[in-house]
file my_file12.cif (mmCIF, C-alpha atoms and all ligand atoms)
data_my_file
#
loop_
_atom_site.label_atom_id
_atom_site.label_comp_id
_atom_site.auth_asym_id
_atom_site.auth_seq_id
_atom_site.Cartn_x
_atom_site.Cartn_y
_atom_site.Cartn_z
CA MET A 1143 1.43 6.93 2.82
CA GLN A 1144 0.59 3.38 3.81
CA SER A 1145 3.53 0.98 3.79
CA PRO A 1146 3.01 -2.32 2.04
CA ARG A 1147 2.67 -5.17 4.50
CA LEU A 1148 4.08 -8.63 3.95
CA ALA A 1149 2.93 -11.43 6.18
CA ASN A 1150 5.83 -13.79 5.87
CA ALA A 1151 3.92 -17.04 5.95
CA ARG A 1152 6.95 -19.08 5.00
CA PHE A 1153 8.85 -17.82 8.04
CA LYS A 1154 5.93 -18.57 10.35
CA SER A 1155 5.42 -22.11 9.14
CA ALA A 1156 8.87 -23.44 8.35
CA MET A 1157 10.78 -21.12 10.70
CA LYS A 1158 13.64 -20.86 8.27
CA PRO A 1159 15.92 -17.92 9.06
CA ILE A 1160 15.64 -14.62 7.22
CA TYR A 1161 18.81 -12.72 6.29
CA ILE A 1162 19.06 -8.95 5.95
CA ILE A 1163 22.08 -7.17 4.47
CA SER A 1164 22.96 -3.68 3.18
CA ASP A 1165 25.84 -1.39 2.26
CA LEU A 1166 28.03 -3.82 0.35
CA HIS A 1167 29.05 -0.99 -2.00
CA LEU A 1168 30.12 -3.51 -4.66
CA ARG A 1169 32.52 -2.06 -7.22
CA ALA A 1170 34.98 -3.28 -9.81
CA GLN A 1171 37.94 -1.85 -7.85
CA ARG A 1172 37.15 -4.12 -4.87
CA PRO A 1173 36.97 -7.74 -6.03
CA ASP A 1174 37.18 -8.82 -2.38
CA LEU A 1175 33.65 -7.46 -1.85
CA ASN A 1176 32.33 -9.70 -4.62
CA GLN A 1177 34.16 -12.64 -3.05
CA SER A 1178 32.60 -11.86 0.35
CA LEU A 1179 29.15 -11.79 -1.23
CA GLU A 1180 29.70 -15.06 -3.11
CA ALA A 1181 30.99 -16.78 0.04
CA PHE A 1182 28.08 -15.46 2.11
CA ILE A 1183 25.54 -16.66 -0.47
CA GLU A 1184 27.16 -20.07 -0.82
CA HIS A 1185 28.08 -20.91 2.77
CA VAL A 1186 25.80 -18.84 4.99
CA PHE A 1187 22.58 -17.90 3.20
CA THR A 1188 21.80 -20.70 0.75
CA PRO A 1189 22.15 -23.73 3.07
CA GLU A 1190 19.58 -22.57 5.59
CA SER A 1191 17.47 -19.71 4.30
CA ASP A 1192 14.98 -18.93 1.55
CA THR A 1193 14.60 -15.19 2.12
CA LEU A 1194 17.11 -12.37 1.63
CA TYR A 1195 16.46 -8.68 2.09
CA ILE A 1196 18.98 -6.19 0.68
CA LEU A 1197 18.40 -2.74 2.18
CA GLY A 1198 20.25 -0.57 -0.30
CA ASP A 1199 23.76 0.39 -1.38
CA LEU A 1200 24.35 -3.08 -2.72
CA PHE A 1201 26.11 -1.32 -5.59
CA GLU A 1202 28.52 1.57 -5.16
CA TYR A 1203 26.76 3.21 -8.06
CA TRP A 1204 24.21 2.36 -10.70
CA ILE A 1205 23.62 4.34 -13.86
CA GLY A 1206 20.55 2.48 -15.09
CA ASP A 1207 19.82 -1.21 -15.67
CA ASP A 1208 21.29 -0.99 -19.20
CA GLY A 1209 24.63 0.17 -17.74
CA ALA A 1210 25.34 -2.84 -15.49
CA ALA A 1211 27.91 -4.31 -17.90
CA GLN A 1212 29.87 -1.04 -18.16
CA LEU A 1213 30.21 -0.95 -14.38
CA GLY A 1214 31.26 -4.59 -14.18
CA TYR A 1215 28.14 -5.79 -12.38
CA VAL A 1216 27.09 -8.66 -14.65
CA ALA A 1217 28.32 -11.43 -12.33
CA GLN A 1218 26.53 -9.93 -9.32
CA VAL A 1219 23.28 -9.51 -11.23
CA ASP A 1220 23.55 -13.14 -12.38
CA LEU A 1221 24.27 -14.29 -8.82
CA LEU A 1222 21.00 -12.77 -7.59
CA GLY A 1223 19.11 -14.13 -10.60
CA ASP A 1224 20.44 -17.63 -9.87
CA LEU A 1225 19.20 -17.42 -6.29
CA VAL A 1226 15.69 -16.64 -7.49
CA LYS A 1227 15.88 -19.49 -10.02
CA LYS A 1228 16.75 -21.82 -7.12
CA GLY A 1229 13.52 -20.77 -5.43
CA LYS A 1230 14.90 -18.15 -3.03
CA GLN A 1231 13.01 -14.91 -2.41
CA VAL A 1232 15.27 -11.90 -2.85
CA TYR A 1233 14.10 -8.37 -2.05
CA PHE A 1234 15.92 -5.15 -2.82
CA MET A 1235 15.38 -1.65 -1.47
CA HIS A 1236 17.13 1.35 -3.01
CA GLY A 1237 19.99 3.09 -1.23
CA ASN A 1238 21.45 6.52 -1.91
CA ARG A 1239 23.96 4.93 -4.31
CA ASP A 1240 21.83 2.52 -6.28
CA PHE A 1241 18.56 4.47 -6.50
CA LEU A 1242 18.45 3.91 -10.28
CA VAL A 1243 18.02 0.13 -10.00
CA GLY A 1244 14.85 -0.41 -11.98
CA GLU A 1245 12.26 -2.62 -13.60
CA GLN A 1246 14.62 -4.28 -16.05
CA PHE A 1247 16.90 -5.41 -13.22
CA SER A 1248 13.86 -6.73 -11.38
CA SER A 1249 12.40 -8.63 -14.34
CA THR A 1250 15.79 -10.05 -15.41
CA THR A 1251 16.69 -11.35 -11.95
CA GLY A 1252 13.30 -11.94 -10.35
CA VAL A 1253 14.42 -9.77 -7.43
CA GLU A 1254 11.46 -7.85 -6.06
CA ILE A 1255 11.99 -4.13 -5.45
CA LEU A 1256 10.58 -2.86 -2.16
CA GLN A 1257 9.44 0.63 -1.31
CA ASP A 1258 11.21 2.39 1.57
CA PRO A 1259 9.90 1.92 4.25
CA PHE A 1260 8.68 -1.65 4.14
CA ILE A 1261 6.89 -3.42 6.98
CA LEU A 1262 8.08 -6.96 7.65
CA ASP A 1263 5.47 -8.62 9.78
CA LEU A 1264 6.96 -11.54 11.67
CA ALA A 1265 5.02 -13.78 14.01
CA CYS A 1266 6.70 -12.29 17.06
CA LYS A 1267 7.61 -8.75 16.03
CA THR A 1268 6.75 -6.10 13.50
CA CYS A 1269 9.80 -4.65 11.79
CA LEU A 1270 10.21 -1.52 9.68
CA LEU A 1271 12.87 -1.93 7.00
CA LYS A 1272 14.59 1.17 5.60
CA HIS A 1273 17.82 2.12 3.90
CA GLY A 1274 18.14 4.83 6.52
CA ASP A 1275 19.50 7.87 4.74
CA ASP A 1276 16.25 9.79 5.18
CA LEU A 1277 16.69 9.46 8.96
CA CYS A 1278 19.86 11.57 8.73
CA THR A 1279 17.88 14.79 8.78
CA ASP A 1280 20.76 16.84 10.24
CA ASP A 1281 22.52 16.43 6.90
CA VAL A 1282 20.49 19.03 5.04
CA GLU A 1283 22.70 18.78 1.98
CA HIS A 1284 22.10 15.05 1.69
CA GLN A 1285 18.34 15.47 2.11
CA LYS A 1286 18.37 17.89 -0.85
CA PHE A 1287 20.36 15.37 -2.87
CA ARG A 1288 17.89 12.65 -1.87
CA THR A 1289 14.84 14.70 -2.84
CA LEU A 1290 16.39 15.40 -6.24
CA THR A 1291 17.59 11.89 -7.00
CA ARG A 1292 14.37 10.18 -5.89
CA ASN A 1293 12.27 12.42 -8.15
CA PRO A 1294 10.85 10.25 -10.98
CA ASP A 1295 11.09 13.09 -13.53
CA TRP A 1296 14.75 13.69 -12.67
CA GLN A 1297 15.46 9.95 -12.88
CA LYS A 1298 13.72 9.75 -16.26
CA SER A 1299 15.76 12.66 -17.61
CA ILE A 1300 18.99 10.98 -16.48
CA LEU A 1301 18.07 7.59 -17.94
CA GLU A 1302 17.40 9.21 -21.32
CA LYS A 1303 21.05 10.28 -21.52
CA SER A 1304 23.75 8.14 -23.12
CA ILE A 1305 25.73 5.75 -20.95
CA PRO A 1306 28.97 7.84 -21.23
CA GLU A 1307 27.00 10.92 -20.13
CA ARG A 1308 25.49 9.03 -17.22
CA LEU A 1309 28.92 7.73 -16.17
CA GLN A 1310 30.17 11.29 -16.06
CA ILE A 1311 27.21 12.49 -13.97
CA ALA A 1312 27.67 9.56 -11.56
CA SER A 1313 31.31 10.44 -11.10
CA GLN A 1314 30.43 14.10 -10.40
CA MET A 1315 27.77 13.04 -7.90
CA ARG A 1316 30.13 10.75 -6.06
CA GLN A 1317 32.53 13.65 -5.65
CA MET A 1318 29.68 15.84 -4.40
CA SER A 1319 28.55 13.26 -1.86
CA GLY A 1320 32.10 12.87 -0.51
CA SER A 1321 31.51 13.06 3.20
CA ALA A 1322 35.01 13.62 4.55
CA HIS A 1323 34.32 17.26 5.35
CA LYS A 1324 31.21 16.64 7.42
CA PRO A 1325 31.24 16.19 11.21
CA SER A 1326 30.47 12.56 12.02
CA GLN A 1327 27.32 13.26 14.07
CA ILE A 1328 25.76 14.95 11.03
CA MET A 1329 26.27 11.70 9.12
CA ASP A 1330 24.36 9.70 11.73
CA VAL A 1331 20.61 9.41 12.16
CA ASN A 1332 18.67 12.12 13.92
CA GLU A 1333 17.22 10.59 17.09
CA GLN A 1334 13.98 12.55 16.81
CA SER A 1335 13.50 11.30 13.23
CA VAL A 1336 14.05 7.74 14.46
CA ARG A 1337 11.46 8.09 17.21
CA GLN A 1338 8.95 9.73 14.87
CA THR A 1339 9.39 7.03 12.24
CA ILE A 1340 8.96 4.17 14.72
CA ALA A 1341 5.92 5.83 16.30
CA GLU A 1342 4.31 6.67 12.96
CA HIS A 1343 4.42 3.04 11.81
CA GLY A 1344 3.73 1.51 15.22
CA VAL A 1345 6.46 -1.11 14.83
CA ASP A 1346 8.55 -2.95 17.43
CA ILE A 1347 11.86 -2.79 15.58
CA LEU A 1348 13.42 -0.43 13.05
CA ILE A 1349 16.06 -2.09 10.87
CA HIS A 1350 18.25 0.05 8.62
CA GLY A 1351 21.69 0.44 7.12
CA HIS A 1352 23.41 3.46 5.54
CA THR A 1353 25.32 4.83 8.54
CA HIS A 1354 27.85 1.95 8.65
CA ARG A 1355 27.54 1.93 12.45
CA PRO A 1356 26.29 -1.56 13.23
CA GLY A 1357 24.58 -1.99 16.56
CA ARG A 1358 21.40 -2.56 18.52
CA LEU A 1359 19.83 0.30 20.44
CA THR A 1360 16.70 0.39 22.57
CA TYR A 1361 14.32 3.31 22.99
CA ASP A 1362 11.51 4.04 25.36
CA LEU A 1363 8.63 5.27 23.25
CA ASN A 1364 5.78 6.40 25.51
CA GLY A 1365 6.37 3.46 27.85
CA LYS A 1366 6.91 0.89 25.10
CA THR A 1367 10.41 -0.46 24.57
CA VAL A 1368 11.32 -0.51 20.89
CA GLU A 1369 14.56 -1.36 19.18
CA ARG A 1370 16.71 -0.01 16.35
CA ILE A 1371 19.02 -2.46 14.62
CA VAL A 1372 21.70 -0.91 12.40
CA LEU A 1373 23.28 -3.11 9.74
CA GLY A 1374 27.01 -2.91 9.10
CA ASP A 1375 28.90 -2.36 5.86
CA TRP A 1376 31.01 -5.03 4.15
CA ASP A 1377 34.32 -3.17 4.01
CA THR A 1378 36.12 -5.83 6.06
CA GLY A 1379 33.84 -8.79 5.38
CA ALA A 1380 30.27 -10.09 5.45
CA SER A 1381 27.95 -8.26 7.79
CA TYR A 1382 24.34 -9.34 8.25
CA LEU A 1383 21.28 -9.65 10.44
CA LYS A 1384 19.89 -13.14 10.84
CA ILE A 1385 16.37 -13.60 12.17
CA ASP A 1386 15.33 -17.04 13.34
CA GLU A 1387 12.96 -18.47 15.94
CA ARG A 1388 15.49 -17.67 18.65
CA GLY A 1389 15.61 -13.99 17.78
CA PHE A 1390 17.73 -11.40 16.02
CA HIS A 1391 21.45 -11.95 15.52
CA LEU A 1392 23.59 -9.11 14.22
CA VAL A 1393 26.86 -10.40 12.82
CA SER A 1394 29.79 -8.11 11.95
CA PRO A 1395 33.14 -9.21 10.54
CA ASP A 1396 34.97 -7.70 13.52
CA GLU A 1397 33.24 -9.95 16.04
MN MN B 1401 23.64 4.67 2.01
#
call {"tool": "encode", "arguments": {"input": "my_file12.cif", "output": "structure tokens", "more": "lines below"}}
Ligand SMILES: [Mn+2]
result
Amino acid sequence: MQSPRLANARFKSAMKPIYIISDLHLRAQRPDLNQSLEAFIEHVFTPESDTLYILGDLFEYWIGDDGAAQLGYVAQVDLLGDLVKKGKQVYFMHGNRDFLVGEQFSSTTGVEILQDPFILDLACKTCLLKHGDDLCTDDVEHQKFRTLTRNPDWQKSILEKSIPERLQIASQMRQMSGSAHKPSQIMDVNEQSVRQTIAEHGVDILIHGHTHRPGRLTYDLNGKTVERIVLGDWDTGASYLKIDERGFHLVSPDE
């Protein structure tokens, strides 16, 4: 399958920074996460950038666009909609938590939904953007879950259920995907899958989230040096990748 290509003309001409975030896992029980997002938008993103990419797991869970109010996500949806109204470009890719974010969300907010993977073609480098859970091929159980939950027929059947029924299913699924019992290396990406993915798309840099292990790693791929940039989660504060004319800057709250 061919990935859609976006030549980011705005970046090339104005050289405004691009911001990439993922794995905020916003939820009503953690108001501090909402505050971190609001502060990031107001003080970091808005003053200097026009382009934000969200690579999945923005929401801890999502039961359909008509269920945002029940989960307490109205303010966050409005926040993204306001950014678009101010002329910002906001892109969203599904994660393994918020795979049910749909057309209504997109049309209400103006946030554009991206397919995974997505090629971000910068002047200097070609980047492949992914959520990253499909790189964790050692976690066979998760790959089964992913295949099921990304199936359009399955999604349709879920969305036809009532909101209370969907809430119940979401709660069961979160218990199922509890990862405490899995060895940590199973939860990480499979190196062979990483190499295959980079080679298949012929990119310079793979950028993904999901594993909550922020870092920058280099690989030798048949003599070519390529890079993998892993985004961090927001558990202890804002975590993001900033791309500007000077390069790629990965910022974690612990640094
Ligand atoms: Mn994830």
call {"tool": "closest_atom_pairs", "arguments": {"input": "my_file12.cif", "of": "chain A", "to": "ligand MN 1401 (chain B)", "cutoff": "7 Å", "atoms": "all atoms listed in the file", "output": "CSV"}}
result
residue,atom,partner,partner_atom,distance
A:Asp1165,CA,B:MN1401,MN,6.5
A:Gly1198,CA,B:MN1401,MN,6.7
A:Asp1199,CA,B:MN1401,MN,5.5
A:Gly1237,CA,B:MN1401,MN,5.1
A:Asn1238,CA,B:MN1401,MN,4.9
A:Arg1239,CA,B:MN1401,MN,6.3
A:His1273,CA,B:MN1401,MN,6.6
A:Asp1275,CA,B:MN1401,MN,5.9
A:Gly1351,CA,B:MN1401,MN,6.9
A:His1352,CA,B:MN1401,MN,3.7
A:Thr1353,CA,B:MN1401,MN,6.7
call {"tool": "closest_residue", "arguments": {"input": "my_file12.cif", "among": "A:Ser1191, A:Gln1212, A:Thr1360, A:Ser1326", "to": "Pro1306 in chain A", "atoms": "all atoms listed in the file"}}
result
A:Gln1212
call {"tool": "residues_near_point", "arguments": {"input": "my_file12.cif", "point": "(19.7, -7.3, -3.3)", "cutoff": "9 Å", "atoms": "all atoms listed in the file", "output": "PyMOL selection string"}}
result
chain A and resi 1163-1164+1194-1200+1219+1222+1232-1235+1253-1255
call {"tool": "residues_around", "arguments": {"input": "my_file12.cif", "residues": "range 1188-1190 of chain A", "least_positions_apart": "6", "cutoff": "9 Å", "atoms": "only C-alpha atoms", "output": "list in words"}}
result
Lys1158, Pro1159, Phe1182, Leu1225 and Lys1230 of chain A
call {"tool": "residues_around", "arguments": {"input": "my_file12.cif", "residues": "His1284 in chain A", "least_positions_apart": "3", "cutoff": "10 Å", "atoms": "only C-alpha atoms", "output": "PyMOL selection string"}}
result
chain A and resi 1238+1275-1276+1278-1281+1287-1290+1318-1319+1321+1329
call {"tool": "closest_residue", "arguments": {"input": "my_file12.cif", "among": "A:Leu1213, A:Leu1179, A:Val1186, A:Cys1266", "to": "Leu1166 in chain A", "atoms": "all atoms listed in the file"}}
result
A:Leu1179
call {"tool": "atom_distance", "arguments": {"input": "my_file12.cif", "atom1": "CA of Asp1330 in chain A", "atom2": "CA of Tyr1161 in chain A"}}
result
23.7 Å
call {"tool": "closest_residue", "arguments": {"input": "my_file12.cif", "among": "A:Lys1272, A:Asp1375, A:Phe1260, A:Asp1295", "to": "Glu1202 in chain A", "atoms": "all atoms listed in the file"}}
result
A:Asp1375
call {"tool": "axis_aligned_box", "arguments": {"input": "my_file12.cif", "around": "range 1303-1320 of chain A", "padding_each_side": "4 Å", "output": "AutoDock Vina command-line options"}}
result
--center_x 26.8 --center_y 10.8 --center_z -11.8 --size_x 19.5 --size_y 18.1 --size_z 30.6
call {"tool": "closest_residue", "arguments": {"input": "my_file12.cif", "among": "A:Trp1296, A:Leu1264, A:Ile1205, A:Gln1314", "to": "Ile1160 in chain A", "atoms": "all atoms listed in the file"}}
result
A:Leu1264
call {"tool": "atom_distance", "arguments": {"input": "my_file12.cif", "atom1": "CA of Asp1192 in chain A", "atom2": "CA of Leu1175 in chain A"}}
result
22.2 Å
call {"tool": "closest_residue", "arguments": {"input": "my_file12.cif", "among": "A:Gly1374, A:Gly1344, A:Gly1244, A:Pro1395", "to": "Gly1357 in chain A", "atoms": "all atoms listed in the file"}}
result
A:Gly1374
call {"tool": "residues_around", "arguments": {"input": "my_file12.cif", "residues": "Leu1242 in chain A", "least_positions_apart": "4", "cutoff": "9 Å", "atoms": "only C-alpha atoms", "output": "PyMOL selection string"}}
result
chain A and resi 1203-1207+1236+1291-1292+1297+1301
call {"tool": "atom_distance", "arguments": {"input": "my_file12.cif", "atom1": "CA of Leu1373 in chain A", "atom2": "CA of Ile1349 in chain A"}}
result
7.4 Å
call {"tool": "closest_residue", "arguments": {"input": "my_file12.cif", "among": "A:Leu1168, A:Ile1340, A:Leu1256, A:Met1157", "to": "Cys1269 in chain A", "atoms": "all atoms listed in the file"}}
result
A:Ile1340
